[in-house]
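Shown next, in structure tokens, is the structure this report addresses.
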Amino acid sequence: MHNPTHDFWVSMANDATVMTIVNNLVVAGELCIGVALILGFVTRFAGAMGALMMIFFFFAGWAFTSGIVEEHATYAVVLLALAGMGAGNYYGLDRLLGARFPTWFRRWFMSGDPNPPAALAAAKPVA
């Protein structure tokens, strides 16, 4: 089978200016996303951008030999899970630095509220 997005990627590869920009953006994105996730800083944003990058890689390299099963799709799901659960609130800088940022920024870019309301913190899990 033929990848339906193949011609798009080939047309980008034939343009030296576009490839210079893409090559620099990929390296910068991998570095920044990786550092942000390791440090647990702006984990929602980093996870979402990492998943977007993996989706682009998925479509660019999808050979249809294994169906939809491909490692970039798996990476995208894992990154979305990290972003969704707010992993930086557990062992990351989002928890330590969260109070210094506005609420809207914490909810959209960081791991949410670093100090949950007292009612949620005091609630005991049901056994």
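Here, A, B, ... name the chains of the structure tokens in the order displayed, residue numbers run from 1 inside each chain, and ligands are numbered from 1 in the same displayed order.
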
May I have the residues within 10 Å of region 81-94 of chain A as a short mmCIF file (atom, residue, chain, number, x, y, z; two decimals) with all heavy atoms, in the first residue's frame, using only C-alpha atoms and disregarding those fewer than 5 positions away in the same chain?
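around17.cif, written as the output of this step:
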```cif
data_model
loop_
_atom_site.label_atom_id
_atom_site.label_comp_id
_atom_site.auth_asym_id
_atom_site.auth_seq_id
_atom_site.Cartn_x
_atom_site.Cartn_y
_atom_site.Cartn_z
N ALA A 36 11.87 19.30 29.39
CA ALA A 36 10.68 19.69 30.14
C ALA A 36 10.04 18.48 30.82
O ALA A 36 9.62 18.56 31.99
CB ALA A 36 9.67 20.37 29.23
N LEU A 37 9.98 17.34 30.13
CA LEU A 37 9.37 16.16 30.73
C LEU A 37 10.25 15.55 31.81
O LEU A 37 9.75 15.06 32.83
CB LEU A 37 9.04 15.12 29.66
CG LEU A 37 7.90 15.50 28.72
CD1 LEU A 37 7.75 14.48 27.61
CD2 LEU A 37 6.59 15.67 29.48
N ILE A 38 11.56 15.57 31.62
CA ILE A 38 12.46 15.05 32.65
C ILE A 38 12.39 15.88 33.92
O ILE A 38 12.33 15.35 35.03
CB ILE A 38 13.90 14.97 32.11
CG1 ILE A 38 14.02 13.85 31.09
CG2 ILE A 38 14.90 14.76 33.25
CD1 ILE A 38 15.32 13.85 30.32
N LEU A 39 12.34 17.20 33.75
CA LEU A 39 12.28 18.09 34.92
C LEU A 39 10.86 18.22 35.49
O LEU A 39 10.68 18.70 36.60
CB LEU A 39 12.80 19.48 34.56
CG LEU A 39 14.28 19.56 34.18
CD1 LEU A 39 14.64 20.99 33.79
CD2 LEU A 39 15.16 19.07 35.31
N GLY A 40 9.87 17.80 34.73
CA GLY A 40 8.49 17.93 35.18
C GLY A 40 8.02 19.37 35.17
O GLY A 40 7.25 19.79 36.02
N PHE A 41 8.47 20.13 34.20
CA PHE A 41 8.11 21.55 34.09
C PHE A 41 7.29 21.75 32.83
O PHE A 41 7.67 21.30 31.76
CB PHE A 41 9.36 22.42 34.07
CG PHE A 41 9.07 23.88 34.06
CD1 PHE A 41 8.44 24.47 35.14
CD2 PHE A 41 9.42 24.66 32.99
CE1 PHE A 41 8.16 25.84 35.13
CE2 PHE A 41 9.15 26.01 32.98
CZ PHE A 41 8.51 26.60 34.05
N VAL A 42 6.17 22.43 32.94
CA VAL A 42 5.18 22.62 31.87
C VAL A 42 4.86 21.28 31.18
O VAL A 42 4.91 21.16 29.97
CB VAL A 42 5.57 23.73 30.85
CG1 VAL A 42 5.54 25.09 31.47
CG2 VAL A 42 6.90 23.49 30.19
N THR A 43 4.51 20.30 31.99
CA THR A 43 4.33 18.94 31.48
C THR A 43 3.13 18.81 30.56
O THR A 43 3.18 18.01 29.62
CB THR A 43 4.19 17.94 32.63
OG1 THR A 43 3.20 18.39 33.53
CG2 THR A 43 5.49 17.76 33.36
N ARG A 44 2.07 19.54 30.80
CA ARG A 44 0.91 19.44 29.89
C ARG A 44 1.27 19.94 28.50
O ARG A 44 0.97 19.31 27.50
CB ARG A 44 -0.28 20.22 30.44
CG ARG A 44 -0.93 19.50 31.56
CD ARG A 44 -2.33 19.97 31.81
NE ARG A 44 -2.91 19.09 32.81
CZ ARG A 44 -3.75 19.47 33.72
NH1 ARG A 44 -4.15 20.72 33.78
NH2 ARG A 44 -4.23 18.61 34.59
N PHE A 45 1.94 21.07 28.44
CA PHE A 45 2.33 21.63 27.14
C PHE A 45 3.36 20.74 26.46
O PHE A 45 3.23 20.43 25.27
CB PHE A 45 2.88 23.04 27.33
CG PHE A 45 3.28 23.71 26.05
CD1 PHE A 45 2.33 24.14 25.17
CD2 PHE A 45 4.62 23.88 25.74
CE1 PHE A 45 2.69 24.75 23.97
CE2 PHE A 45 5.00 24.48 24.56
CZ PHE A 45 4.03 24.92 23.67
N ALA A 46 4.36 20.29 27.21
CA ALA A 46 5.41 19.44 26.64
C ALA A 46 4.84 18.11 26.15
O ALA A 46 5.20 17.62 25.08
CB ALA A 46 6.52 19.21 27.65
N GLY A 47 3.95 17.52 26.92
CA GLY A 47 3.33 16.26 26.51
C GLY A 47 2.48 16.43 25.26
O GLY A 47 2.52 15.59 24.36
N ALA A 48 1.72 17.51 25.19
CA ALA A 48 0.87 17.75 24.02
C ALA A 48 1.72 18.01 22.78
O ALA A 48 1.44 17.49 21.70
CB ALA A 48 -0.06 18.92 24.28
N MET A 49 2.78 18.80 22.91
CA MET A 49 3.64 19.08 21.78
C MET A 49 4.44 17.84 21.36
O MET A 49 4.67 17.61 20.17
CB MET A 49 4.60 20.24 22.09
CG MET A 49 3.92 21.58 22.24
SD MET A 49 2.98 22.09 20.79
CE MET A 49 1.30 21.82 21.33
N GLY A 50 4.84 17.03 22.32
CA GLY A 50 5.51 15.77 22.00
C GLY A 50 4.59 14.82 21.25
O GLY A 50 4.99 14.16 20.29
N ALA A 51 3.33 14.75 21.68
CA ALA A 51 2.35 13.91 20.99
C ALA A 51 2.11 14.42 19.57
O ALA A 51 2.01 13.62 18.63
CB ALA A 51 1.05 13.88 21.77
N TYR A 75 4.09 6.16 21.28
CA TYR A 75 4.73 7.29 21.98
C TYR A 75 3.74 8.44 22.16
O TYR A 75 3.72 9.10 23.20
CB TYR A 75 5.95 7.79 21.22
CG TYR A 75 7.07 6.79 21.06
CD1 TYR A 75 7.91 6.85 19.97
CD2 TYR A 75 7.28 5.78 21.99
CE1 TYR A 75 8.95 5.95 19.81
CE2 TYR A 75 8.31 4.87 21.83
CZ TYR A 75 9.15 4.97 20.74
OH TYR A 75 10.17 4.08 20.59
N ALA A 76 2.92 8.70 21.14
CA ALA A 76 1.94 9.78 21.23
C ALA A 76 0.92 9.51 22.33
O ALA A 76 0.57 10.41 23.10
CB ALA A 76 1.23 9.97 19.89
N ALA A 99 2.91 27.65 42.23
CA ALA A 99 2.27 28.76 42.93
C ALA A 99 2.74 30.12 42.40
O ALA A 99 2.08 31.13 42.64
CB ALA A 99 2.55 28.65 44.42
N ARG A 100 3.83 30.16 41.70
CA ARG A 100 4.36 31.42 41.17
C ARG A 100 3.72 31.85 39.86
O ARG A 100 3.97 32.95 39.38
CB ARG A 100 5.87 31.29 40.95
CG ARG A 100 6.61 31.01 42.22
CD ARG A 100 8.07 30.83 41.95
NE ARG A 100 8.72 30.41 43.18
CZ ARG A 100 9.95 30.70 43.49
NH1 ARG A 100 10.69 31.40 42.67
NH2 ARG A 100 10.46 30.29 44.62
N PHE A 101 2.91 31.00 39.28
CA PHE A 101 2.30 31.28 37.98
C PHE A 101 0.80 31.47 38.15
O PHE A 101 0.19 30.93 39.07
CB PHE A 101 2.57 30.13 37.00
CG PHE A 101 4.00 30.01 36.61
CD1 PHE A 101 4.85 29.17 37.31
CD2 PHE A 101 4.51 30.73 35.55
CE1 PHE A 101 6.18 29.05 36.97
CE2 PHE A 101 5.84 30.63 35.19
CZ PHE A 101 6.68 29.79 35.90
N ARG A 106 -1.21 27.58 34.91
CA ARG A 106 -1.00 26.26 35.55
C ARG A 106 -1.93 25.22 34.96
O ARG A 106 -1.54 24.09 34.73
CB ARG A 106 -1.22 26.35 37.06
CG ARG A 106 -0.12 27.02 37.81
CD ARG A 106 -0.24 26.78 39.30
NE ARG A 106 -1.57 26.97 39.84
CZ ARG A 106 -1.98 28.08 40.46
NH1 ARG A 106 -1.17 29.10 40.62
NH2 ARG A 106 -3.20 28.15 40.94
N ARG A 107 -3.19 25.58 34.74
CA ARG A 107 -4.17 24.61 34.25
C ARG A 107 -3.91 24.18 32.82
O ARG A 107 -4.13 23.04 32.47
CB ARG A 107 -5.57 25.18 34.38
CG ARG A 107 -6.03 25.23 35.79
CD ARG A 107 -7.49 25.58 35.91
NE ARG A 107 -7.86 25.61 37.30
CZ ARG A 107 -8.72 26.47 37.81
NH1 ARG A 107 -9.32 27.33 37.03
NH2 ARG A 107 -9.00 26.44 39.08
N TRP A 108 -3.46 25.11 31.98
CA TRP A 108 -3.28 24.79 30.56
C TRP A 108 -1.88 24.30 30.22
O TRP A 108 -1.73 23.48 29.33
CB TRP A 108 -3.62 26.00 29.70
CG TRP A 108 -5.08 26.23 29.63
CD1 TRP A 108 -5.81 27.12 30.37
CD2 TRP A 108 -6.01 25.55 28.81
NE1 TRP A 108 -7.13 27.02 30.05
CE2 TRP A 108 -7.29 26.07 29.08
CE3 TRP A 108 -5.89 24.55 27.85
CZ2 TRP A 108 -8.43 25.62 28.43
CZ3 TRP A 108 -7.04 24.11 27.21
CH2 TRP A 108 -8.28 24.64 27.51
N PHE A 109 -0.85 24.80 30.87
CA PHE A 109 0.51 24.48 30.48
C PHE A 109 1.25 23.62 31.50
O PHE A 109 2.08 22.80 31.14
CB PHE A 109 1.31 25.76 30.23
CG PHE A 109 0.82 26.54 29.06
CD1 PHE A 109 -0.03 27.62 29.23
CD2 PHE A 109 1.17 26.17 27.79
CE1 PHE A 109 -0.49 28.33 28.14
CE2 PHE A 109 0.70 26.86 26.69
CZ PHE A 109 -0.13 27.95 26.86
N MET A 110 0.97 23.82 32.76
CA MET A 110 1.65 23.06 33.80
C MET A 110 0.76 21.88 34.20
O MET A 110 -0.10 21.48 33.44
CB MET A 110 1.99 23.97 34.97
CG MET A 110 2.93 25.10 34.57
SD MET A 110 3.27 26.26 35.88
CE MET A 110 4.62 25.41 36.67
N SER A 111 0.96 21.34 35.35
CA SER A 111 0.22 20.15 35.77
C SER A 111 -0.98 20.48 36.63
O SER A 111 -1.36 19.71 37.50
CB SER A 111 1.15 19.21 36.53
OG SER A 111 2.12 18.71 35.66
N GLY A 112 -1.59 21.62 36.41
CA GLY A 112 -2.77 21.96 37.18
C GLY A 112 -2.44 22.65 38.49
O GLY A 112 -1.41 23.29 38.63
N ASP A 113 -3.29 22.48 39.47
CA ASP A 113 -3.15 23.14 40.75
C ASP A 113 -2.16 22.38 41.63
O ASP A 113 -2.41 21.23 41.98
CB ASP A 113 -4.52 23.22 41.44
CG ASP A 113 -4.51 24.14 42.65
OD1 ASP A 113 -3.45 24.71 42.95
OD2 ASP A 113 -5.57 24.28 43.27
N PRO A 114 -1.03 23.02 42.01
CA PRO A 114 -0.06 22.30 42.84
C PRO A 114 -0.55 22.06 44.26
O PRO A 114 -0.07 21.17 44.94
CB PRO A 114 1.16 23.22 42.84
CG PRO A 114 0.60 24.57 42.60
CD PRO A 114 -0.61 24.37 41.72
N ASN A 115 -1.52 22.84 44.71
CA ASN A 115 -2.09 22.69 46.05
C ASN A 115 -3.58 22.48 45.90
O ASN A 115 -4.34 23.43 45.84
CB ASN A 115 -1.81 23.93 46.89
CG ASN A 115 -0.33 24.20 47.01
OD1 ASN A 115 0.44 23.30 47.30
ND2 ASN A 115 0.08 25.43 46.76
#
```

**OP:** Enter the distance from CA of Leu31 (chain A) to CA of Pro4 (chain A), in Å, rounded to one decimal.
**Re:** 29.5 Å

Subject >> Contacts of Ala13 (chain A) within 12 Å, only C-alpha atoms, excl. fewer than 6 positions in-chain, as an NGL selection string >> reply: :A and (6-7 or 19-23 or 60)

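Separating CA of Trp9 (chain A) from CA of Leu80 (chain A) is a distance of 24.7 Å.
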
**OP:** Report as a PyMOL selection string: the residues of region 27-126 of chain A with a DSSP assignment of alpha helix (DSSP H), based on the backbone of this structure.
**Re:** chain A and resi 27-39+43-61+71-85+88-91+93-97+103-108+118-122

**OP:** Enter the distance from CA of Phe58 (chain A) to CA of Asn3 (chain A), in Å, rounded to one decimal.
**Re:** 10.9 Å
